[in-house]
>>> print(open('upload24.txt').read())   # compact mmCIF, N, CA and C atoms
# COMPACT_ATOMS: atom_id res chain seq x y z
N MET A 1 112.40 101.43 89.67
CA MET A 1 113.63 101.40 90.45
C MET A 1 113.27 101.39 91.94
N GLU A 2 113.95 100.51 92.70
CA GLU A 2 113.65 100.41 94.12
C GLU A 2 114.12 101.65 94.88
N GLN A 3 113.38 101.96 95.95
CA GLN A 3 113.79 103.08 96.79
C GLN A 3 114.99 102.69 97.62
N GLN A 4 115.85 103.66 97.87
CA GLN A 4 117.03 103.41 98.68
C GLN A 4 117.15 104.47 99.75
N ILE A 5 117.94 104.15 100.77
CA ILE A 5 118.19 105.07 101.87
C ILE A 5 119.67 105.00 102.23
N TRP A 6 120.22 106.12 102.67
CA TRP A 6 121.63 106.17 103.05
C TRP A 6 121.79 105.56 104.44
N ASP A 7 122.68 104.58 104.56
CA ASP A 7 123.03 104.02 105.86
C ASP A 7 124.34 104.67 106.29
N PRO A 8 124.29 105.56 107.30
CA PRO A 8 125.51 106.25 107.71
C PRO A 8 126.54 105.33 108.35
N LEU A 9 126.11 104.18 108.84
CA LEU A 9 127.05 103.26 109.49
C LEU A 9 127.80 102.42 108.46
N ARG A 10 127.07 101.95 107.44
CA ARG A 10 127.73 101.19 106.37
C ARG A 10 128.29 102.11 105.31
N ARG A 11 127.93 103.39 105.37
CA ARG A 11 128.37 104.43 104.44
C ARG A 11 128.06 104.08 102.99
N LYS A 12 126.80 103.65 102.79
CA LYS A 12 126.36 103.36 101.42
C LYS A 12 124.84 103.39 101.35
N MET A 13 124.33 103.46 100.13
CA MET A 13 122.90 103.38 99.89
C MET A 13 122.47 101.92 100.01
N VAL A 14 121.33 101.70 100.67
CA VAL A 14 120.80 100.34 100.83
C VAL A 14 119.32 100.35 100.47
N SER A 15 118.78 99.19 100.14
CA SER A 15 117.36 99.08 99.79
C SER A 15 116.49 99.50 100.96
N LEU A 16 115.47 100.29 100.66
CA LEU A 16 114.57 100.78 101.70
C LEU A 16 113.45 99.77 101.93
N THR A 17 113.77 98.71 102.65
CA THR A 17 112.77 97.72 103.06
C THR A 17 112.11 98.22 104.35
N PRO A 18 110.96 97.66 104.72
CA PRO A 18 110.35 98.07 105.99
C PRO A 18 111.29 97.88 107.19
N GLU A 19 112.04 96.79 107.22
CA GLU A 19 112.99 96.57 108.32
C GLU A 19 114.12 97.59 108.28
N GLU A 20 114.60 97.91 107.09
CA GLU A 20 115.68 98.89 106.96
C GLU A 20 115.21 100.27 107.43
N GLN A 21 113.95 100.59 107.15
CA GLN A 21 113.41 101.87 107.61
C GLN A 21 113.43 101.93 109.14
N VAL A 22 113.06 100.84 109.80
CA VAL A 22 113.10 100.77 111.26
C VAL A 22 114.55 100.89 111.74
N ARG A 23 115.47 100.17 111.09
CA ARG A 23 116.88 100.21 111.49
C ARG A 23 117.43 101.64 111.39
N GLN A 24 117.15 102.33 110.29
CA GLN A 24 117.66 103.69 110.13
C GLN A 24 117.04 104.65 111.13
N TRP A 25 115.75 104.47 111.42
CA TRP A 25 115.10 105.28 112.45
C TRP A 25 115.79 105.07 113.80
N PHE A 26 116.08 103.80 114.14
CA PHE A 26 116.66 103.53 115.46
C PHE A 26 118.12 103.97 115.55
N ILE A 27 118.83 103.95 114.43
CA ILE A 27 120.19 104.52 114.42
C ILE A 27 120.09 105.99 114.83
N GLY A 28 119.10 106.69 114.30
CA GLY A 28 118.88 108.09 114.66
C GLY A 28 118.53 108.26 116.13
N VAL A 29 117.71 107.35 116.67
CA VAL A 29 117.37 107.40 118.10
C VAL A 29 118.62 107.21 118.95
N LEU A 30 119.43 106.21 118.60
CA LEU A 30 120.66 105.97 119.35
C LEU A 30 121.58 107.19 119.29
N ARG A 31 121.70 107.78 118.12
CA ARG A 31 122.59 108.93 117.93
C ARG A 31 122.05 110.18 118.64
N ASP A 32 120.76 110.48 118.41
CA ASP A 32 120.21 111.76 118.86
C ASP A 32 119.66 111.73 120.29
N VAL A 33 119.08 110.62 120.71
CA VAL A 33 118.47 110.52 122.04
C VAL A 33 119.45 109.92 123.04
N CYS A 34 120.11 108.82 122.66
CA CYS A 34 121.03 108.14 123.58
C CYS A 34 122.44 108.70 123.51
N LYS A 35 122.69 109.57 122.54
CA LYS A 35 124.00 110.23 122.38
C LYS A 35 125.13 109.24 122.06
N VAL A 36 124.81 108.20 121.28
CA VAL A 36 125.84 107.25 120.85
C VAL A 36 126.57 107.86 119.66
N PRO A 37 127.88 108.00 119.73
CA PRO A 37 128.63 108.51 118.57
C PRO A 37 128.44 107.56 117.38
N GLU A 38 128.15 108.12 116.22
CA GLU A 38 127.90 107.30 115.04
C GLU A 38 129.04 106.34 114.74
N HIS A 39 130.27 106.78 114.94
CA HIS A 39 131.41 105.91 114.61
C HIS A 39 131.56 104.74 115.59
N LEU A 40 130.75 104.72 116.66
CA LEU A 40 130.79 103.61 117.62
C LEU A 40 129.57 102.70 117.49
N MET A 41 128.93 102.76 116.32
CA MET A 41 127.82 101.85 116.01
C MET A 41 128.15 101.10 114.73
N GLY A 42 127.64 99.90 114.61
CA GLY A 42 127.76 99.14 113.36
C GLY A 42 126.40 98.57 113.01
N SER A 43 126.08 98.53 111.72
CA SER A 43 124.83 97.89 111.30
C SER A 43 125.16 96.67 110.45
N GLU A 44 124.28 95.67 110.57
CA GLU A 44 124.48 94.40 109.87
C GLU A 44 125.85 93.81 110.24
N VAL A 45 126.11 93.73 111.54
CA VAL A 45 127.39 93.25 112.05
C VAL A 45 127.43 91.73 111.99
N ALA A 46 128.43 91.18 111.30
CA ALA A 46 128.55 89.73 111.13
C ALA A 46 128.96 89.06 112.44
N LEU A 47 128.24 87.98 112.76
CA LEU A 47 128.50 87.19 113.97
C LEU A 47 128.52 85.72 113.60
N ARG A 48 129.15 84.93 114.42
CA ARG A 48 129.06 83.48 114.28
C ARG A 48 128.42 82.94 115.55
N VAL A 49 127.21 82.39 115.39
CA VAL A 49 126.48 81.80 116.50
C VAL A 49 126.51 80.30 116.28
N GLY A 50 127.36 79.60 117.05
CA GLY A 50 127.58 78.18 116.80
C GLY A 50 128.24 78.04 115.44
N GLN A 51 127.65 77.25 114.57
CA GLN A 51 128.18 77.06 113.22
C GLN A 51 127.54 78.02 112.21
N LYS A 52 126.54 78.79 112.66
CA LYS A 52 125.80 79.66 111.74
C LYS A 52 126.38 81.07 111.71
N LYS A 53 126.44 81.62 110.50
CA LYS A 53 126.79 83.03 110.33
C LYS A 53 125.50 83.82 110.40
N GLN A 54 125.50 84.86 111.22
CA GLN A 54 124.32 85.70 111.39
C GLN A 54 124.75 87.16 111.32
N ARG A 55 123.77 88.04 111.30
CA ARG A 55 124.07 89.48 111.29
C ARG A 55 123.18 90.18 112.30
N ALA A 56 123.82 90.89 113.22
CA ALA A 56 123.08 91.70 114.18
C ALA A 56 122.71 93.02 113.49
N ASP A 57 121.49 93.47 113.69
CA ASP A 57 121.03 94.70 113.03
C ASP A 57 121.90 95.90 113.41
N ILE A 58 122.06 96.12 114.71
CA ILE A 58 122.89 97.24 115.18
C ILE A 58 123.68 96.76 116.40
N VAL A 59 124.96 97.07 116.43
CA VAL A 59 125.78 96.83 117.62
C VAL A 59 126.39 98.17 118.02
N VAL A 60 126.31 98.47 119.31
CA VAL A 60 126.93 99.67 119.86
C VAL A 60 128.22 99.23 120.55
N PHE A 61 129.30 99.97 120.27
CA PHE A 61 130.61 99.64 120.82
C PHE A 61 131.03 100.68 121.85
N GLY A 62 131.76 100.22 122.86
CA GLY A 62 132.34 101.13 123.84
C GLY A 62 133.55 101.82 123.24
N ARG A 63 134.09 102.77 123.98
CA ARG A 63 135.25 103.51 123.48
C ARG A 63 136.48 102.60 123.35
N ASP A 64 136.43 101.44 124.01
CA ASP A 64 137.53 100.46 123.88
C ASP A 64 137.26 99.45 122.76
N ALA A 65 136.23 99.70 121.96
CA ALA A 65 135.83 98.88 120.80
C ALA A 65 135.15 97.57 121.19
N SER A 66 134.88 97.34 122.48
CA SER A 66 134.14 96.14 122.86
C SER A 66 132.64 96.42 122.74
N PRO A 67 131.85 95.42 122.34
CA PRO A 67 130.41 95.64 122.18
C PRO A 67 129.74 95.88 123.53
N VAL A 68 128.80 96.83 123.58
CA VAL A 68 128.08 97.13 124.83
C VAL A 68 126.57 96.97 124.69
N ALA A 69 126.05 96.99 123.45
CA ALA A 69 124.61 96.85 123.24
C ALA A 69 124.36 96.23 121.87
N VAL A 70 123.26 95.47 121.79
CA VAL A 70 122.83 94.91 120.51
C VAL A 70 121.36 95.27 120.32
N VAL A 71 121.01 95.59 119.07
CA VAL A 71 119.64 95.96 118.74
C VAL A 71 119.14 95.03 117.64
N GLU A 72 117.96 94.46 117.86
CA GLU A 72 117.30 93.65 116.84
C GLU A 72 116.12 94.45 116.32
N CYS A 73 116.11 94.72 115.02
CA CYS A 73 115.05 95.49 114.38
C CYS A 73 114.16 94.56 113.55
N LYS A 74 112.88 94.80 113.62
CA LYS A 74 111.89 94.05 112.84
C LYS A 74 111.00 95.02 112.08
N ARG A 75 110.36 94.51 111.03
CA ARG A 75 109.36 95.29 110.31
C ARG A 75 108.25 95.69 111.28
N PRO A 76 107.55 96.80 111.01
CA PRO A 76 106.48 97.23 111.91
C PRO A 76 105.37 96.20 112.11
N ASP A 77 105.16 95.30 111.16
CA ASP A 77 104.09 94.32 111.31
C ASP A 77 104.53 93.05 112.05
N VAL A 78 105.77 93.00 112.52
CA VAL A 78 106.26 91.85 113.28
C VAL A 78 106.21 92.18 114.76
N ASP A 79 105.54 91.34 115.53
CA ASP A 79 105.44 91.57 116.97
C ASP A 79 106.79 91.38 117.65
N ILE A 80 107.02 92.19 118.68
CA ILE A 80 108.19 92.01 119.52
C ILE A 80 107.78 90.96 120.56
N ASP A 81 108.20 89.73 120.31
CA ASP A 81 107.76 88.62 121.15
C ASP A 81 108.95 87.79 121.62
N LYS A 82 108.66 86.65 122.19
CA LYS A 82 109.70 85.77 122.73
C LYS A 82 110.68 85.33 121.65
N ASP A 83 110.20 85.09 120.42
CA ASP A 83 111.09 84.66 119.33
C ASP A 83 112.13 85.74 119.00
N VAL A 84 111.69 87.01 119.00
CA VAL A 84 112.61 88.11 118.73
C VAL A 84 113.62 88.22 119.87
N LEU A 85 113.15 88.08 121.10
CA LEU A 85 114.04 88.12 122.25
C LEU A 85 115.07 86.98 122.17
N MET A 86 114.63 85.79 121.80
CA MET A 86 115.55 84.65 121.71
C MET A 86 116.59 84.87 120.61
N GLN A 87 116.20 85.48 119.51
CA GLN A 87 117.15 85.81 118.44
C GLN A 87 118.24 86.74 118.97
N ALA A 88 117.82 87.81 119.65
CA ALA A 88 118.79 88.75 120.20
C ALA A 88 119.64 88.09 121.28
N ALA A 89 119.04 87.22 122.07
CA ALA A 89 119.79 86.51 123.12
C ALA A 89 120.86 85.61 122.51
N ARG A 90 120.55 84.99 121.37
CA ARG A 90 121.57 84.16 120.69
C ARG A 90 122.74 85.03 120.23
N TYR A 91 122.43 86.20 119.69
CA TYR A 91 123.51 87.12 119.29
C TYR A 91 124.36 87.48 120.51
N ASN A 92 123.68 87.66 121.64
CA ASN A 92 124.40 88.08 122.83
C ASN A 92 125.30 86.98 123.38
N LEU A 93 125.07 85.74 123.01
CA LEU A 93 125.96 84.66 123.44
C LEU A 93 127.38 84.92 122.97
N CYS A 94 127.54 85.47 121.77
CA CYS A 94 128.90 85.75 121.30
C CYS A 94 129.31 87.20 121.54
N LEU A 95 128.35 88.11 121.79
CA LEU A 95 128.70 89.51 122.04
C LEU A 95 128.96 89.81 123.52
N GLY A 96 128.14 89.22 124.39
CA GLY A 96 128.29 89.45 125.82
C GLY A 96 128.04 90.88 126.25
N VAL A 97 126.98 91.51 125.71
CA VAL A 97 126.68 92.91 126.04
C VAL A 97 125.77 93.00 127.26
N ARG A 98 125.71 94.19 127.86
CA ARG A 98 124.82 94.43 129.00
C ARG A 98 123.44 94.90 128.57
N TRP A 99 123.32 95.43 127.35
CA TRP A 99 122.06 96.01 126.88
C TRP A 99 121.58 95.31 125.62
N VAL A 100 120.30 94.95 125.60
CA VAL A 100 119.65 94.35 124.43
C VAL A 100 118.40 95.16 124.16
N MET A 101 118.25 95.61 122.91
CA MET A 101 117.08 96.40 122.54
C MET A 101 116.39 95.73 121.36
N LEU A 102 115.08 95.70 121.42
CA LEU A 102 114.25 95.09 120.38
C LEU A 102 113.26 96.14 119.91
N THR A 103 113.13 96.34 118.61
CA THR A 103 112.17 97.34 118.14
C THR A 103 111.57 96.95 116.79
N ASN A 104 110.32 97.35 116.61
CA ASN A 104 109.67 97.24 115.29
C ASN A 104 109.24 98.63 114.82
N GLY A 105 109.75 99.67 115.49
CA GLY A 105 109.39 101.04 115.14
C GLY A 105 108.15 101.53 115.85
N LYS A 106 107.29 100.61 116.27
CA LYS A 106 106.08 100.98 117.01
C LYS A 106 106.26 100.67 118.49
N ARG A 107 106.99 99.61 118.78
CA ARG A 107 107.23 99.17 120.16
C ARG A 107 108.72 98.88 120.30
N THR A 108 109.30 99.41 121.36
CA THR A 108 110.72 99.17 121.65
C THR A 108 110.82 98.60 123.06
N VAL A 109 111.53 97.49 123.19
CA VAL A 109 111.76 96.87 124.49
C VAL A 109 113.25 96.98 124.78
N VAL A 110 113.57 97.45 125.99
CA VAL A 110 114.95 97.62 126.41
C VAL A 110 115.21 96.68 127.57
N LEU A 111 116.26 95.88 127.46
CA LEU A 111 116.62 94.92 128.51
C LEU A 111 118.06 95.16 128.93
N LYS A 112 118.31 94.95 130.22
CA LYS A 112 119.66 95.13 130.76
C LYS A 112 120.05 93.84 131.47
N MET A 113 121.28 93.40 131.25
CA MET A 113 121.78 92.22 131.91
C MET A 113 121.98 92.53 133.39
N GLY A 114 121.39 91.72 134.25
CA GLY A 114 121.53 91.91 135.69
C GLY A 114 122.90 91.44 136.17
N VAL A 115 123.30 91.91 137.35
CA VAL A 115 124.61 91.52 137.89
C VAL A 115 124.67 90.02 138.16
N GLU A 116 123.53 89.41 138.50
CA GLU A 116 123.49 87.97 138.73
C GLU A 116 123.15 87.19 137.46
N GLY A 117 123.13 87.89 136.34
CA GLY A 117 122.77 87.26 135.06
C GLY A 117 121.29 87.42 134.80
N GLY A 118 120.90 87.15 133.59
CA GLY A 118 119.50 87.28 133.21
C GLY A 118 119.16 88.70 132.78
N LEU A 119 118.34 88.80 131.75
CA LEU A 119 117.93 90.11 131.23
C LEU A 119 116.70 90.61 131.96
N LYS A 120 116.71 91.88 132.31
CA LYS A 120 115.57 92.50 132.97
C LYS A 120 115.11 93.70 132.14
N THR A 121 113.80 93.82 131.96
CA THR A 121 113.24 94.94 131.20
C THR A 121 113.43 96.24 131.98
N VAL A 122 113.83 97.28 131.29
CA VAL A 122 113.92 98.62 131.88
C VAL A 122 113.00 99.56 131.11
N ASP A 123 112.63 100.66 131.75
CA ASP A 123 111.61 101.54 131.19
C ASP A 123 112.12 102.58 130.20
N THR A 124 113.41 102.89 130.24
CA THR A 124 113.92 103.96 129.40
C THR A 124 115.16 103.51 128.63
N LEU A 125 115.40 104.19 127.55
CA LEU A 125 116.62 103.95 126.78
C LEU A 125 117.82 104.47 127.58
N PRO A 126 118.91 103.72 127.58
CA PRO A 126 120.10 104.19 128.29
C PRO A 126 120.83 105.26 127.49
N GLN A 127 121.47 106.16 128.18
CA GLN A 127 122.38 107.10 127.54
C GLN A 127 123.68 106.34 127.26
N TYR A 128 124.41 106.79 126.26
CA TYR A 128 125.65 106.10 125.90
C TYR A 128 126.58 105.98 127.11
N ALA A 129 126.65 107.01 127.93
CA ALA A 129 127.53 106.98 129.11
C ALA A 129 127.17 105.85 130.07
N GLU A 130 125.89 105.41 130.08
CA GLU A 130 125.46 104.30 130.94
C GLU A 130 125.80 102.93 130.36
N MET A 131 125.97 102.90 129.04
CA MET A 131 126.17 101.61 128.38
C MET A 131 127.56 101.08 128.70
>>> encode(input="upload24.txt", output="structure tokens")
Amino acid sequence: MEQQIWDPLRRKMVSLTPEEQVRQWFIGVLRDVCKVPEHLMGSEVALRVGQKKQRADIVVFGRDASPVAVVECKRPDVDIDKDVLMQAARYNLCLGVRWVMLTNGKRTVVLKMGVEGGLKTVDTLPQYAEM
């Protein structure tokens, strides 16, 4: 029988894949370190990018229910590289968030949309109040 883990955002048991383990770990980071209320996060959020249906790993919503951050999670053996950034950037085309986070559980990259446009790397995770 496959191992499963509770996803508090989807409120159900899901298969414990390496990527899911990273996603659940980062949900905890967002909740415990960044102080994001659990009810203002979604996992496996359905998006339409052009004609393609896609799913963002984690989306953080503001108190007005508009998206403020997107997180792309990868298995620990997948490098956080330009391809991962481009995937998250495509999601952001329809989300329009200020914060993009990429993680494989070993390395986390945090980017913030600049006022003149363009993502810039920042050194620390934002607190929910900053998002």
>>> residues_near_point(input="upload24.txt", point="(105.6, 93.2, 118.9)", cutoff="8 Å", atoms="only N, CA and C atoms", output="PyMOL selection string")
chain A and resi 76-82+103-104+106-108
>>> closest_atom_pairs(input="upload24.txt", of="segment 34-83 of chain A", to="segment 115-130 of chain A", cutoff="8 Å", atoms="all atoms listed in the file", output="CSV")
residue,atom,partner,partner_atom,distance
A:Cys34,C,A:Tyr128,N,3.9
A:Lys35,C,A:Tyr128,N,4.9
A:Val36,N,A:Tyr128,CA,5.1
A:Pro37,N,A:Tyr128,CA,6.8
>>> axis_aligned_box(input="upload24.txt", around="segment 110-116 of chain A", padding_each_side="8 Å", output="AutoDock Vina command-line options")
--center_x 119.1 --center_y 92.4 --center_z 132.4 --size_x 27.1 --size_y 26.4 --size_z 28.7
>>> atom_distance(input="upload24.txt", atom1="atom N of Asp64 of chain A", atom2="atom C of Leu40 of chain A")
9.5 Å
>>> select_by_dssp(input="upload24.txt", residues="chain A", states="helix (DSSP H, G or I)", output="PyMOL selection string")
chain A and resi 18-32+38-40+82-95+128-130
>>> atom_distance(input="upload24.txt", atom1="atom C of Gln54 of chain A", atom2="atom C of Gly105 of chain A")
22.4 Å
>>> atom_distance(input="upload24.txt", atom1="atom C of Met113 of chain A", atom2="atom C of Leu93 of chain A")
14.0 Å
>>> closest_residue(input="upload24.txt", among="A:Ala88, A:Ala56, A:Leu9, A:Ile27", to="Val110 of chain A", atoms="only C-alpha atoms")
A:Ala88
>>> select_by_dssp(input="upload24.txt", residues="segment 22-127 of chain A", states="strand (DSSP E)", output="ChimeraX atom specification")
/A:41-49,52-61,67-73,99-103,108-113,119-122
>>> closest_residue(input="upload24.txt", among="A:Ala69, A:Leu47, A:Gln3, A:Lys12", to="Trp99 of chain A", atoms="all atoms listed in the file")
A:Ala69
>>> residues_near_point(input="upload24.txt", point="(120.2, 90.8, 121.2)", cutoff="7 Å", atoms="only C-alpha atoms", output="PyMOL selection string")
chain A and resi 70-72+85+87-92+100-101
>>> closest_residue(input="upload24.txt", among="A:Val33, A:Val68, A:Ala46, A:Cys73", to="Glu20 of chain A", atoms="all atoms listed in the file")
A:Cys73
>>> decode(input="upload24.txt", residues="segment 69-82 of chain A", atoms="N, CA, C and O atoms", output="PDB file, in the first residue's frame")
ATOM      1  N   ALA A  69       0.889  35.322  -3.875  1.00  0.00           N
ATOM      2  CA  ALA A  69       2.142  34.577  -4.044  1.00  0.00           C
ATOM      3  C   ALA A  69       1.853  33.225  -4.681  1.00  0.00           C
ATOM      4  O   ALA A  69       0.786  32.646  -4.473  1.00  0.00           O
ATOM      5  N   VAL A  70       2.828  32.748  -5.457  1.00  0.00           N
ATOM      6  CA  VAL A  70       2.737  31.410  -6.041  1.00  0.00           C
ATOM      7  C   VAL A  70       4.031  30.676  -5.700  1.00  0.00           C
ATOM      8  O   VAL A  70       5.105  31.276  -5.683  1.00  0.00           O
ATOM      9  N   VAL A  71       3.890  29.384  -5.402  1.00  0.00           N
ATOM     10  CA  VAL A  71       5.045  28.554  -5.055  1.00  0.00           C
ATOM     11  C   VAL A  71       5.083  27.361  -6.003  1.00  0.00           C
ATOM     12  O   VAL A  71       4.074  26.677  -6.198  1.00  0.00           O
ATOM     13  N   GLU A  72       6.249  27.133  -6.592  1.00  0.00           N
ATOM     14  CA  GLU A  72       6.464  25.953  -7.424  1.00  0.00           C
ATOM     15  C   GLU A  72       7.373  25.008  -6.650  1.00  0.00           C
ATOM     16  O   GLU A  72       8.489  25.379  -6.255  1.00  0.00           O
ATOM     17  N   CYS A  73       6.891  23.798  -6.393  1.00  0.00           N
ATOM     18  CA  CYS A  73       7.641  22.789  -5.647  1.00  0.00           C
ATOM     19  C   CYS A  73       8.140  21.706  -6.598  1.00  0.00           C
ATOM     20  O   CYS A  73       7.407  21.272  -7.489  1.00  0.00           O
ATOM     21  N   LYS A  74       9.361  21.282  -6.373  1.00  0.00           N
ATOM     22  CA  LYS A  74       9.967  20.201  -7.150  1.00  0.00           C
ATOM     23  C   LYS A  74      10.521  19.145  -6.202  1.00  0.00           C
ATOM     24  O   LYS A  74      10.776  19.415  -5.032  1.00  0.00           O
ATOM     25  N   ARG A  75      10.713  17.939  -6.739  1.00  0.00           N
ATOM     26  CA  ARG A  75      11.372  16.887  -5.974  1.00  0.00           C
ATOM     27  C   ARG A  75      12.775  17.353  -5.586  1.00  0.00           C
ATOM     28  O   ARG A  75      13.376  18.168  -6.304  1.00  0.00           O
ATOM     29  N   PRO A  76      13.327  16.821  -4.489  1.00  0.00           N
ATOM     30  CA  PRO A  76      14.665  17.244  -4.066  1.00  0.00           C
ATOM     31  C   PRO A  76      15.762  17.034  -5.116  1.00  0.00           C
ATOM     32  O   PRO A  76      16.759  17.754  -5.115  1.00  0.00           O
ATOM     33  N   ASP A  77      15.584  16.084  -6.025  1.00  0.00           N
ATOM     34  CA  ASP A  77      16.625  15.838  -7.027  1.00  0.00           C
ATOM     35  C   ASP A  77      16.475  16.705  -8.278  1.00  0.00           C
ATOM     36  O   ASP A  77      17.257  16.573  -9.214  1.00  0.00           O
ATOM     37  N   VAL A  78      15.511  17.611  -8.300  1.00  0.00           N
ATOM     38  CA  VAL A  78      15.325  18.519  -9.441  1.00  0.00           C
ATOM     39  C   VAL A  78      15.933  19.870  -9.092  1.00  0.00           C
ATOM     40  O   VAL A  78      15.621  20.456  -8.054  1.00  0.00           O
ATOM     41  N   ASP A  79      16.839  20.341  -9.938  1.00  0.00           N
ATOM     42  CA  ASP A  79      17.478  21.630  -9.698  1.00  0.00           C
ATOM     43  C   ASP A  79      16.480  22.771  -9.853  1.00  0.00           C
ATOM     44  O   ASP A  79      15.595  22.725 -10.709  1.00  0.00           O
ATOM     45  N   ILE A  80      16.663  23.798  -9.029  1.00  0.00           N
ATOM     46  CA  ILE A  80      15.892  25.025  -9.181  1.00  0.00           C
ATOM     47  C   ILE A  80      16.654  25.842 -10.226  1.00  0.00           C
ATOM     48  O   ILE A  80      17.673  26.464  -9.930  1.00  0.00           O
ATOM     49  N   ASP A  81      16.161  25.788 -11.459  1.00  0.00           N
ATOM     50  CA  ASP A  81      16.873  26.421 -12.564  1.00  0.00           C
ATOM     51  C   ASP A  81      15.932  27.315 -13.366  1.00  0.00           C
ATOM     52  O   ASP A  81      14.803  27.584 -12.952  1.00  0.00           O
ATOM     53  N   LYS A  82      16.410  27.755 -14.513  1.00  0.00           N
ATOM     54  CA  LYS A  82      15.639  28.663 -15.366  1.00  0.00           C
ATOM     55  C   LYS A  82      14.312  28.034 -15.801  1.00  0.00           C
ATOM     56  O   LYS A  82      13.292  28.728 -15.892  1.00  0.00           O
TER      57      LYS A  82
END
